[in-house]
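Content type PDB, C-alpha atoms, from the file entry_10.pdb:
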```pdb
ATOM      1  CA  MET A   4      -8.238  -2.360   7.144
ATOM      2  CA  LEU A   5      -6.643   1.027   7.843
ATOM      3  CA  LEU A   6      -3.288   1.564   9.579
ATOM      4  CA  SER A   7      -1.862   4.789  10.931
ATOM      5  CA  GLN A   8       0.995   6.105  13.028
ATOM      6  CA  LEU A   9       0.733   8.699  15.772
ATOM      7  CA  THR A  10       2.383  10.006  18.885
ATOM      8  CA  LEU A  11       0.602   9.484  22.191
ATOM      9  CA  ALA A  12       0.071  12.102  24.884
ATOM     10  CA  ASP A  13       3.344  11.075  26.548
ATOM     11  CA  GLY A  14       5.282  11.614  23.312
ATOM     12  CA  SER A  15       5.807   7.923  22.487
ATOM     13  CA  ARG A  16       5.028   6.530  19.037
ATOM     14  CA  ALA A  17       2.262   4.048  18.336
ATOM     15  CA  VAL A  18       0.510   2.199  15.506
ATOM     16  CA  ALA A  19      -3.280   2.199  15.249
ATOM     17  CA  VAL A  20      -5.570  -0.104  13.270
ATOM     18  CA  ARG A  21      -9.255   0.188  12.512
ATOM     19  CA  GLU A  22     -11.743  -1.803  10.524
ATOM     20  CA  ASP A  23     -15.502  -1.233  10.734
ATOM     21  CA  GLY A  24     -15.211   0.429  14.122
ATOM     22  CA  PRO A  25     -13.006   2.549  16.375
ATOM     23  CA  ALA A  26      -9.224   2.503  16.106
ATOM     24  CA  HIS A  27      -7.134   0.457  18.544
ATOM     25  CA  LEU A  28      -3.433   0.515  19.291
ATOM     26  CA  VAL A  29      -1.400  -2.444  18.010
ATOM     27  CA  PRO A  30       0.624  -4.032  20.843
ATOM     28  CA  GLY A  31       4.382  -4.405  20.776
ATOM     29  CA  VAL A  32       5.206  -2.154  17.854
ATOM     30  CA  THR A  33       5.891   1.563  17.383
ATOM     31  CA  SER A  34       6.051   1.794  13.578
ATOM     32  CA  THR A  35       4.238   0.307  10.599
ATOM     33  CA  ARG A  36       7.643  -0.413   9.038
ATOM     34  CA  ASP A  37       8.568  -2.657  11.960
ATOM     35  CA  LEU A  38       5.138  -4.269  11.749
ATOM     36  CA  ALA A  39       5.605  -4.957   8.037
ATOM     37  CA  LEU A  40       9.100  -6.377   8.536
ATOM     38  CA  ALA A  41       7.778  -8.640  11.299
ATOM     39  CA  ALA A  42       5.071  -9.956   8.957
ATOM     40  CA  ILE A  43       7.667 -10.561   6.226
ATOM     41  CA  ALA A  44       9.925 -12.426   8.665
ATOM     42  CA  ALA A  45       6.991 -14.584   9.806
ATOM     43  CA  GLY A  46       5.946 -15.353   6.239
ATOM     44  CA  HIS A  47       2.392 -14.056   6.496
ATOM     45  CA  ASP A  48       0.397 -10.917   5.661
ATOM     46  CA  LEU A  49      -0.206  -7.820   7.747
ATOM     47  CA  ALA A  50      -3.719  -8.808   8.772
ATOM     48  CA  THR A  51      -2.416 -12.075  10.242
ATOM     49  CA  GLU A  52       0.431 -10.275  12.018
ATOM     50  CA  ILE A  53      -1.949  -7.724  13.547
ATOM     51  CA  ALA A  54      -4.465 -10.383  14.609
ATOM     52  CA  ALA A  55      -1.704 -12.370  16.310
ATOM     53  CA  ARG A  56      -0.783  -9.350  18.432
ATOM     54  CA  GLY A  57      -4.299  -8.711  19.743
ATOM     55  CA  GLN A  58      -5.595  -5.253  20.670
ATOM     56  CA  TRP A  59      -4.558  -2.561  23.089
ATOM     57  CA  ASP A  60      -6.546   0.508  24.077
ATOM     58  CA  GLU A  61      -8.971   2.337  21.837
ATOM     59  CA  VAL A  62      -7.541   5.582  20.440
ATOM     60  CA  ASP A  63      -9.284   8.723  19.134
ATOM     61  CA  LEU A  64      -7.605   9.478  15.804
ATOM     62  CA  GLU A  65      -9.628  12.653  15.202
ATOM     63  CA  ALA A  66      -8.406  14.074  18.511
ATOM     64  CA  ALA A  67      -4.808  13.112  17.705
ATOM     65  CA  TYR A  68      -5.175  14.792  14.299
ATOM     66  CA  ALA A  69      -6.569  17.985  15.835
ATOM     67  CA  GLU A  70      -3.686  18.040  18.330
ATOM     68  CA  GLY A  71      -1.026  17.591  15.632
ATOM     69  CA  ARG A  72      -0.061  14.073  16.703
ATOM     70  CA  MET A  73      -0.733  12.163  13.479
ATOM     71  CA  LEU A  74       2.317  11.001  11.540
ATOM     72  CA  VAL A  75       2.666   9.805   7.958
ATOM     73  CA  PRO A  76       1.467   6.173   7.917
ATOM     74  CA  LEU A  77       4.844   4.716   6.865
ATOM     75  CA  ASP A  78       8.289   6.165   7.532
ATOM     76  CA  HIS A  79      11.905   5.236   8.269
ATOM     77  CA  PRO A  80      13.992   6.147  11.344
ATOM     78  CA  ASP A  81      16.703   7.436   8.978
ATOM     79  CA  ALA A  82      15.230  10.009   6.570
ATOM     80  CA  ALA A  83      17.871   9.186   3.943
ATOM     81  CA  HIS A  84      16.301   5.736   3.549
ATOM     82  CA  LEU A  85      12.828   6.985   2.630
ATOM     83  CA  HIS A  86      12.384   7.816  -1.058
ATOM     84  CA  LEU A  87       9.609  10.092  -2.368
ATOM     85  CA  THR A  88       9.036   9.603  -6.073
ATOM     86  CA  GLY A  89       6.182   9.746  -8.544
ATOM     87  CA  THR A  90       4.920   9.386 -12.050
ATOM     88  CA  GLY A  91       2.730  11.566 -14.243
ATOM     89  CA  LEU A  92       0.508  11.415 -17.328
ATOM     90  CA  THR A  93      -0.924   8.153 -16.007
ATOM     91  CA  HIS A  94      -4.607   9.105 -15.750
ATOM     92  CA  LEU A  95      -7.137   9.270 -18.550
ATOM     93  CA  GLY A  96      -7.932  12.942 -17.920
ATOM     94  CA  SER A  97      -4.370  14.108 -17.339
ATOM     95  CA  ALA A  98      -3.252  14.795 -20.902
ATOM     96  CA  SER A  99      -5.281  17.932 -21.623
ATOM     97  CA  THR A 100      -4.007  19.840 -18.569
ATOM     98  CA  ARG A 101      -0.359  18.987 -19.119
ATOM     99  CA  ASP A 102      -0.649  19.450 -22.893
ATOM    100  CA  ALA A 103      -1.999  22.971 -22.401
ATOM    101  CA  MET A 104       0.907  23.784 -20.068
ATOM    102  CA  HIS A 105       3.500  22.555 -22.575
ATOM    103  CA  THR A 106       1.956  23.458 -25.955
ATOM    104  CA  LYS A 107       4.449  24.867 -28.411
ATOM    105  CA  VAL A 108       3.795  27.614 -30.932
ATOM    106  CA  THR A 109       3.941  25.071 -33.755
ATOM    107  CA  GLU A 110       1.270  22.525 -34.580
ATOM    108  CA  GLU A 111       3.386  19.505 -33.647
ATOM    109  CA  MET A 112       2.310  17.176 -30.847
ATOM    110  CA  THR A 113       3.820  18.014 -27.465
ATOM    111  CA  ASP A 114       6.036  15.555 -25.636
ATOM    112  CA  SER A 115       3.335  15.392 -22.950
ATOM    113  CA  MET A 116       0.742  14.193 -25.436
ATOM    114  CA  LYS A 117       3.193  11.725 -26.955
ATOM    115  CA  MET A 118       3.900  10.282 -23.502
ATOM    116  CA  PHE A 119       0.200  10.062 -22.710
ATOM    117  CA  ARG A 120      -0.560   8.229 -25.966
ATOM    118  CA  MET A 121       2.267   5.796 -25.296
ATOM    119  CA  GLY A 122       0.590   4.992 -21.994
ATOM    120  CA  LEU A 123      -2.787   4.480 -23.637
ATOM    121  CA  GLU A 124      -1.258   2.067 -26.134
ATOM    122  CA  GLY A 125       1.125   0.149 -23.852
ATOM    123  CA  GLY A 126       0.594   1.063 -20.206
ATOM    124  CA  LYS A 127      -1.459  -1.994 -19.268
ATOM    125  CA  PRO A 128       0.496  -5.023 -20.485
ATOM    126  CA  ALA A 129      -0.589  -8.612 -20.018
ATOM    127  CA  VAL A 130       0.428 -10.270 -16.762
ATOM    128  CA  GLY A 131       4.088 -11.253 -16.968
ATOM    129  CA  SER A 132       4.853  -8.700 -19.688
ATOM    130  CA  VAL A 133       6.543  -5.313 -19.441
ATOM    131  CA  GLY A 134       4.641  -2.274 -20.674
ATOM    132  CA  VAL A 135       5.819   1.138 -21.801
ATOM    133  CA  GLN A 136       7.662   3.131 -19.154
ATOM    134  CA  PRO A 137       5.923   6.212 -17.730
ATOM    135  CA  GLU A 138       7.200   9.652 -16.875
ATOM    136  CA  TRP A 139       9.097   9.476 -13.571
ATOM    137  CA  PHE A 140      10.330  12.076 -11.093
ATOM    138  CA  TYR A 141      12.083  12.370  -7.730
ATOM    139  CA  LYS A 142      10.702  14.524  -4.912
ATOM    140  CA  GLY A 143      13.223  13.979  -2.147
ATOM    141  CA  ASN A 144      13.906  11.809   0.876
ATOM    142  CA  GLY A 145      12.175  11.519   4.238
ATOM    143  CA  LEU A 146      13.036  15.121   5.075
ATOM    144  CA  ALA A 147      10.460  16.136   2.464
ATOM    145  CA  ALA A 148       7.700  13.934   3.935
ATOM    146  CA  VAL A 149       5.257  16.200   5.772
ATOM    147  CA  ALA A 150       2.882  14.859   8.407
ATOM    148  CA  PRO A 151      -0.876  15.199   7.892
ATOM    149  CA  GLY A 152      -1.961  18.531   9.358
ATOM    150  CA  ALA A 153       1.508  20.084   9.073
ATOM    151  CA  ALA A 154       2.328  22.839   6.591
ATOM    152  CA  LEU A 155       3.495  22.256   3.047
ATOM    153  CA  THR A 156       6.121  24.976   2.713
ATOM    154  CA  SER A 157       7.166  26.504  -0.594
ATOM    155  CA  PRO A 158      10.789  27.653  -0.744
ATOM    156  CA  SER A 159      11.427  31.349  -1.253
ATOM    157  CA  PHE A 160      12.504  30.787  -4.873
ATOM    158  CA  ALA A 161       9.274  28.961  -5.790
ATOM    159  CA  LEU A 162       6.916  30.570  -8.281
ATOM    160  CA  ASP A 163       3.875  28.619  -7.119
ATOM    161  CA  GLY A 164       2.735  26.060  -4.584
ATOM    162  CA  GLY A 165      -0.169  23.910  -5.661
ATOM    163  CA  GLU A 166      -1.804  20.655  -4.642
ATOM    164  CA  GLU A 167      -1.914  17.399  -6.586
ATOM    165  CA  PRO A 168      -4.474  14.943  -5.165
ATOM    166  CA  GLU A 169      -3.163  11.429  -5.739
ATOM    167  CA  VAL A 170      -2.999   7.877  -4.518
ATOM    168  CA  ALA A 171       0.438   6.775  -3.364
ATOM    169  CA  GLY A 172       1.810   3.269  -3.011
ATOM    170  CA  LEU A 173       3.735   2.646   0.224
ATOM    171  CA  TYR A 174       6.500   0.021   0.190
ATOM    172  CA  VAL A 175       9.224  -1.535   2.286
ATOM    173  CA  ILE A 176      12.109  -3.540   0.823
ATOM    174  CA  ALA A 177      12.404  -7.018   2.354
ATOM    175  CA  PRO A 178      15.757  -8.365   3.595
ATOM    176  CA  ASP A 179      16.185 -10.295   0.323
ATOM    177  CA  GLY A 180      15.663  -7.152  -1.807
ATOM    178  CA  GLN A 181      12.038  -7.906  -2.732
ATOM    179  CA  PRO A 182       9.836  -4.777  -2.858
ATOM    180  CA  VAL A 183       6.726  -5.355  -0.715
ATOM    181  CA  ARG A 184       3.685  -3.114  -0.899
ATOM    182  CA  VAL A 185       2.444  -2.292   2.607
ATOM    183  CA  GLY A 186      -0.598  -0.319   1.453
ATOM    184  CA  PHE A 187      -1.980   2.727  -0.310
ATOM    185  CA  ALA A 188      -2.631   6.247   0.987
ATOM    186  CA  LEU A 189      -4.057   9.545  -0.134
ATOM    187  CA  GLY A 190      -1.269  11.905  -1.113
ATOM    188  CA  ASN A 191      -0.706  15.570  -1.844
ATOM    189  CA  GLU A 192       2.122  15.578  -4.381
ATOM    190  CA  PHE A 193       2.716  19.301  -3.851
ATOM    191  CA  SER A 194       4.388  20.966  -6.873
ATOM    192  CA  ASP A 195       5.383  24.277  -8.484
ATOM    193  CA  HIS A 196       3.237  24.405 -11.614
ATOM    194  CA  VAL A 197       4.351  27.874 -12.737
ATOM    195  CA  THR A 198       7.953  26.695 -12.896
ATOM    196  CA  GLU A 199       6.895  23.586 -14.812
ATOM    197  CA  ARG A 200       4.863  25.657 -17.265
ATOM    198  CA  GLY A 201       7.874  27.878 -17.972
ATOM    199  CA  ASN A 202       9.770  25.012 -19.559
ATOM    200  CA  TYR A 203       8.953  21.315 -19.613
ATOM    201  CA  LEU A 204      12.600  20.543 -18.806
ATOM    202  CA  TRP A 205      12.050  22.294 -15.471
ATOM    203  CA  LEU A 206       9.628  19.563 -14.424
ATOM    204  CA  ALA A 207      12.361  17.996 -12.273
ATOM    205  CA  HIS A 208      12.869  21.309 -10.451
ATOM    206  CA  SER A 209       9.135  21.799  -9.958
ATOM    207  CA  LYS A 210       8.792  18.435  -8.212
ATOM    208  CA  LEU A 211      11.561  18.959  -5.633
ATOM    209  CA  ARG A 212       9.062  20.085  -3.037
ATOM    210  CA  PRO A 213       7.630  18.575   0.164
ATOM    211  CA  ALA A 214       4.705  16.165  -0.002
ATOM    212  CA  SER A 215       2.229  14.708   2.456
ATOM    213  CA  PHE A 216       0.381  11.409   2.561
ATOM    214  CA  GLY A 217      -2.042   9.657   4.875
ATOM    215  CA  PRO A 218      -3.225  10.055   7.589
ATOM    216  CA  GLU A 219      -4.306   6.428   7.218
ATOM    217  CA  MET A 220      -3.006   3.664   4.985
ATOM    218  CA  LEU A 221      -5.352   1.276   3.189
ATOM    219  CA  VAL A 222      -4.089  -2.293   3.553
ATOM    220  CA  GLY A 223      -5.026  -4.633   0.725
ATOM    221  CA  ASP A 224      -6.014  -4.086  -2.890
ATOM    222  CA  LEU A 225      -6.612  -0.638  -4.347
ATOM    223  CA  PRO A 226     -10.259  -0.225  -5.451
ATOM    224  CA  GLU A 227     -10.655  -0.427  -9.209
ATOM    225  CA  SER A 228     -12.112   3.079  -9.148
ATOM    226  CA  VAL A 229     -11.185   5.667  -6.528
ATOM    227  CA  GLU A 230     -13.473   8.683  -6.274
ATOM    228  CA  GLY A 231     -12.591  11.590  -4.013
ATOM    229  CA  ILE A 232     -12.799  15.344  -3.537
ATOM    230  CA  SER A 233      -9.977  17.881  -3.610
ATOM    231  CA  ARG A 234     -10.629  21.323  -2.153
ATOM    232  CA  ILE A 235      -8.934  24.504  -0.990
ATOM    233  CA  LEU A 236     -10.167  26.235   2.162
ATOM    234  CA  ARG A 237      -9.454  29.908   2.846
ATOM    235  CA  ASP A 238     -10.434  31.304   6.230
ATOM    236  CA  GLY A 239     -12.578  28.209   6.718
ATOM    237  CA  LYS A 240     -14.499  28.663   3.464
ATOM    238  CA  THR A 241     -14.176  26.576   0.308
ATOM    239  CA  VAL A 242     -12.704  28.639  -2.547
ATOM    240  CA  TRP A 243     -12.216  25.712  -4.942
ATOM    241  CA  GLU A 244     -13.482  22.147  -4.996
ATOM    242  CA  LYS A 245     -13.430  19.407  -7.591
ATOM    243  CA  PRO A 246     -13.804  15.616  -7.710
ATOM    244  CA  PHE A 247     -10.800  13.516  -8.630
ATOM    245  CA  LEU A 248     -10.616   9.981  -9.967
ATOM    246  CA  SER A 249      -7.925   7.345  -9.583
ATOM    247  CA  GLY A 250      -7.632   3.568  -9.575
ATOM    248  CA  GLU A 251      -6.865   1.476 -12.641
ATOM    249  CA  ALA A 252     -10.324   2.027 -14.162
ATOM    250  CA  ASN A 253      -9.335   5.687 -14.574
ATOM    251  CA  MET A 254      -5.682   5.171 -15.481
ATOM    252  CA  SER A 255      -3.743   4.550 -18.690
ATOM    253  CA  HIS A 256      -1.166   2.452 -16.801
ATOM    254  CA  SER A 257      -1.617  -0.504 -14.483
ATOM    255  CA  ILE A 258      -0.270  -0.222 -10.953
ATOM    256  CA  ALA A 259       1.931  -3.256 -11.647
ATOM    257  CA  ASN A 260       3.505  -1.534 -14.655
ATOM    258  CA  LEU A 261       4.231   1.636 -12.673
ATOM    259  CA  GLU A 262       5.736  -0.425  -9.864
ATOM    260  CA  HIS A 263       7.951  -2.395 -12.255
ATOM    261  CA  HIS A 264       9.380   0.719 -13.856
ATOM    262  CA  HIS A 265      10.258   2.152 -10.454
ATOM    263  CA  PHE A 266      11.704  -0.919  -8.786
ATOM    264  CA  LYS A 267      13.548  -2.205 -11.859
ATOM    265  CA  TYR A 268      16.430   0.026 -10.723
ATOM    266  CA  ALA A 269      18.660  -1.860  -8.290
ATOM    267  CA  PRO A 270      19.323   1.152  -5.964
ATOM    268  CA  PHE A 271      15.584   1.171  -5.227
ATOM    269  CA  ARG A 272      15.704  -2.368  -3.840
ATOM    270  CA  ASP A 273      18.008  -1.759  -0.883
ATOM    271  CA  PRO A 274      16.796  -3.934   2.058
ATOM    272  CA  GLY A 275      14.961  -2.024   4.751
ATOM    273  CA  ASP A 276      14.334   1.106   2.686
ATOM    274  CA  VAL A 277      10.898   2.704   2.460
ATOM    275  CA  HIS A 278       9.397   4.039  -0.784
ATOM    276  CA  VAL A 279       6.419   6.324  -1.285
ATOM    277  CA  HIS A 280       5.478   6.407  -4.970
ATOM    278  CA  PHE A 281       2.787   8.807  -6.202
ATOM    279  CA  PHE A 282       0.684   7.487  -9.089
ATOM    280  CA  GLY A 283      -0.413  10.757 -10.713
ATOM    281  CA  THR A 284      -3.581  12.804 -11.060
ATOM    282  CA  ALA A 285      -5.835  14.516 -13.565
ATOM    283  CA  THR A 286      -7.170  17.234 -11.233
ATOM    284  CA  LEU A 287      -5.359  20.482 -10.375
ATOM    285  CA  SER A 288      -6.702  23.771  -9.026
ATOM    286  CA  PHE A 289      -3.911  25.405 -11.052
ATOM    287  CA  ALA A 290      -5.596  24.234 -14.248
ATOM    288  CA  ASP A 291      -8.684  26.232 -13.210
ATOM    289  CA  GLY A 292      -6.681  29.417 -12.697
ATOM    290  CA  ILE A 293      -6.524  29.120  -8.910
ATOM    291  CA  SER A 294      -3.443  30.371  -7.078
ATOM    292  CA  ALA A 295      -3.245  29.122  -3.507
ATOM    293  CA  GLU A 296      -2.183  31.592  -0.827
ATOM    294  CA  PRO A 297      -0.250  31.088   2.410
ATOM    295  CA  GLY A 298      -2.715  30.036   5.092
ATOM    296  CA  ASP A 299      -4.968  28.190   2.633
ATOM    297  CA  VAL A 300      -5.680  24.589   3.577
ATOM    298  CA  PHE A 301      -5.522  21.793   1.019
ATOM    299  CA  GLU A 302      -7.953  18.973   1.786
ATOM    300  CA  ILE A 303      -8.063  15.662  -0.070
ATOM    301  CA  GLU A 304     -10.914  13.364   0.855
ATOM    302  CA  CYS A 305     -11.900   9.820  -0.094
ATOM    303  CA  PRO A 306     -13.903   7.623   2.336
ATOM    304  CA  ALA A 307     -12.076   4.439   1.291
ATOM    305  CA  PHE A 308      -8.875   5.858   2.812
ATOM    306  CA  GLY A 309     -10.317   6.944   6.145
ATOM    307  CA  LEU A 310      -9.534  10.412   7.456
ATOM    308  CA  SER A 311      -9.065  13.180   4.907
ATOM    309  CA  LEU A 312      -5.584  14.590   4.256
ATOM    310  CA  ARG A 313      -5.306  18.244   5.310
ATOM    311  CA  ASN A 314      -2.270  20.522   5.026
ATOM    312  CA  PRO A 315      -2.000  24.314   5.179
ATOM    313  CA  LEU A 316       0.193  26.159   2.685
ATOM    314  CA  ALA A 317       3.172  28.141   3.978
ATOM    315  CA  ARG A 318       5.928  30.038   2.232
ATOM    316  CA  ASN A 319       9.530  30.365   3.306
ATOM    317  CA  SER A 320      10.194  34.106   3.479
ATOM    318  CA  ASP A 321      13.977  33.866   3.699
ATOM    319  CA  ALA A 322      15.718  35.777   0.921
ATOM    320  CA  SER A 323      16.752  33.503  -1.925
ATOM    321  CA  ALA A 324      20.454  34.369  -1.907
ATOM    322  CA  PRO A 325      22.838  32.334  -4.066
ATOM    323  CA  VAL A 326      24.151  29.230  -2.331
ATOM    324  CA  ALA A 327      27.904  29.598  -1.903
ATOM    325  CA  VAL A 328      29.898  26.386  -2.024
ATOM    326  CA  ALA A 329      32.916  26.176   0.247
ATOM    327  CA  SER A 330      36.209  24.802  -1.004
ATOM    328  CA  LEU A 331      38.481  22.527   1.040
TER     329      LEU A 331
END
```

Would you put the structure from the file into structure tokens?
Amino acid sequence: MLLSQLTLADGSRAVAVREDGPAHLVPGVTSTRDLALAAIAAGHDLATEIAARGQWDEVDLEAAYAEGRMLVPLDHPDAAHLHLTGTGLTHLGSASTRDAMHTKVTEEMTDSMKMFRMGLEGGKPAVGSVGVQPEWFYKGNGLAAVAPGAALTSPSFALDGGEEPEVAGLYVIAPDGQPVRVGFALGNEFSDHVTERGNYLWLAHSKLRPASFGPEMLVGDLPESVEGISRILRDGKTVWEKPFLSGEANMSHSIANLEHHHFKYAPFRDPGDVHVHFFGTATLSFADGISAEPGDVFEIECPAFGLSLRNPLARNSDASAPVAVASL
């Protein structure tokens, strides 16, 4: 089952569902968050909640996408209550790329490789046990969540703007503080890899960039192995393309372990909040020496997640003047 959010021709919001056929509007609801909270209140799952509501009209998601009417598949009416976060060095192929970016002149093992090995040794604990904690980073709030089809904009001070094809977990916090996973979506965890390469301690700076996810959300379990394609289009032609792998079969951490180490912090269990947590990747065009240019289109594709995620790259041209702080 795939869920999505969009605006209709009259400007109103709607939720669409599809499963082995065309998409239909879900009656009586204008957001997947409200739909999820209704299911929680009723004590049943999303599929049961959707079935109980019946079906409205069929909707053409491709047309909505082309017209710029697709939204991220889960959001919050108050941007301050949507949290974009992520974790890295979680995939079996991720260590070599990051290690090369952070290698020191000496022969000693980099912190990246140490973190990766910790994940290999303790990232998939037995059920009921706590495994080693992963790398973690913050990307911003709902203001940094970019709709599918909209531009991912690098700030004027950025040294690079590159894609990161990932799977993201999408969550809402129940009224009792219980984190509830609503689904999974394709994500572009857009980052500044040149800044990160300059100094590993600048990783936090490099991640404070917009991100996109969707257009559709997979409801239910994540496939054990996720196989997709990440590409960059320039003037309609592919200038870089590479497969990417995700899912626990290709990861050094379990999803449950990554979720625990995010939601163990009490501020991340505030009732009603929405969380989008990126699970990492092992595939970057940057690692192949590619530098994306404004106007290029990032496309991340995986049939299990429905429509591909497409976002053009833009750059803020405003001069990067120092930010002056006023005094009261």

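Straight-line separation from CA of Lys240 (chain A) to CA of Asp195 (chain A): 23.6 Å.
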
Which residues of region 240-309 of chain A come within 9 Å of region 216-219 of chain A, and for each one, what is the closest pair of atoms and their distance in Å to one decimal, counting all atoms listed in the file, sorted by chain and residue number, as a tab-separated table?
```
residue	atom	partner	partner_atom	distance
A:Val279	CA	A:Phe216	CA	8.8
A:Phe308	CA	A:Glu219	CA	6.4
A:Gly309	CA	A:Glu219	CA	6.1
```

Got a sec to resolve the PyMOL selection byres ((chain A and resi 175) around 7) on this structure and send the residues as a list in words?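 So the PyMOL selection byres ((chain A and resi 175) around 7), applied here, picks out Tyr174, Ile176, Ala177, Pro182, Val183, Arg184, Val185, Gly275, Asp276, Val277 and His278 of chain A.
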
Please list as a count of residues only every residue within 9 Å of region 33-42 of chain A, counting all atoms listed in the file and excluding residues in the same chain fewer than 3 positions away. 32

Give me the residues near Val300 (chain A) as a PyMOL selection string, where near means some atom within 8 Å (using all atoms listed in the file) and where sequence neighbours in that chain fewer than 2 positions away do not count. chain A and resi 235-237+298+302+313-316

Which value, in Å to one decimal, gives the distance between CA of Gly250 (chain A) and CA of Ser215 (chain A)? 19.1 Å

Which one is closest to Lys267 (chain A): A:Ile43, A:Gln136, A:Asp23, A:Val130? Count all atoms listed in the file.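 Using all atoms listed in the file, the shortest distance to Lys267 (chain A) belongs to A:Gln136.
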
As an exercise, work out the distance from CA of Asp238 (chain A) to CA of Asp299 (chain A) in Å and give it to one decimal place. 7.2 Å

Taking the file as shown, what set of residues would the PyMOL selection byres ((chain A and resi 155-166) around 8) give back, as a PyMOL selection string? chain A and resi 149+153-154+167-168+191-198+212-215+287-289+294-295+301+314-323

Take the PyMOL selection byres ((chain A and resi 221) around 8), run it mentally on this structure, and tell me the resulting residues as a VMD selection string. chain A and resid 4 to 6 186 to 188 219 to 220 222 to 223 225 307 to 308

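Nearest to Leu74 (chain A) of all the residues A:Gly231, A:Leu92, A:Gly143, A:Pro151 is A:Pro151, counting only C-alpha atoms.
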
If we count only C-alpha atoms and set the cut-off at 9 Å, which residues sit around Glu230 (chain A), ignoring sequence neighbours fewer than 3 positions away in its own chain? Please answer as a CSV table (one decimal) with C-alpha atoms, in the frame of the given file.
```
chain,number,residue,atom,x,y,z
A,246,PRO,CA,-13.8,15.6,-7.7
A,247,PHE,CA,-10.8,13.5,-8.6
A,248,LEU,CA,-10.6,10.0,-10.0
A,249,SER,CA,-7.9,7.3,-9.6
A,250,GLY,CA,-7.6,3.6,-9.6
A,304,GLU,CA,-10.9,13.4,0.9
A,305,CYS,CA,-11.9,9.8,-0.1
A,306,PRO,CA,-13.9,7.6,2.3
A,307,ALA,CA,-12.1,4.4,1.3
```

How big is the axis-aligned box, and where does its centre sit, when it encloses all atoms of region 207-226 of chain A listed in the file and has 8 Å added on every side, reported in Å to one decimal as JSON?
```
{"center_x": 1.3, "center_y": 8.6, "center_z": -2.3, "size_x": 39.1, "size_y": 42.4, "size_z": 35.9}
```

Among listed residues A:Gln58, A:Asn144, A:Thr10, A:Thr90, nearest Gly71 (chain A) (using all atoms listed in the file): A:Thr10

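Across A:Trp59, A:Ser311, A:His263, A:His280, the tightest approach to Arg234 (chain A) is made by A:Ser311 when counting all atoms listed in the file.
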
Out of A:Gly14, A:Pro25, A:Gly172, A:Gly31, which residue has the shortest atom-to-atom distance to Gly283 (chain A) when counting all atoms listed in the file?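 Result for the nearest residue to Gly283 (chain A): A:Gly172.
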
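When all atoms listed in the file are used to measure the gap to Gly152 (chain A), the shortest distance among A:Arg72, A:Arg200, A:Lys210, A:His86 belongs to A:Arg72.
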
Excluding same-chain residues fewer than 3 positions from Ala269 (chain A), what lies within 12 Å of it counting only C-alpha atoms, as JSON, numbers by chain? {"A": [176, 180, 181, 182, 263, 264, 265, 266, 272, 273, 274]}
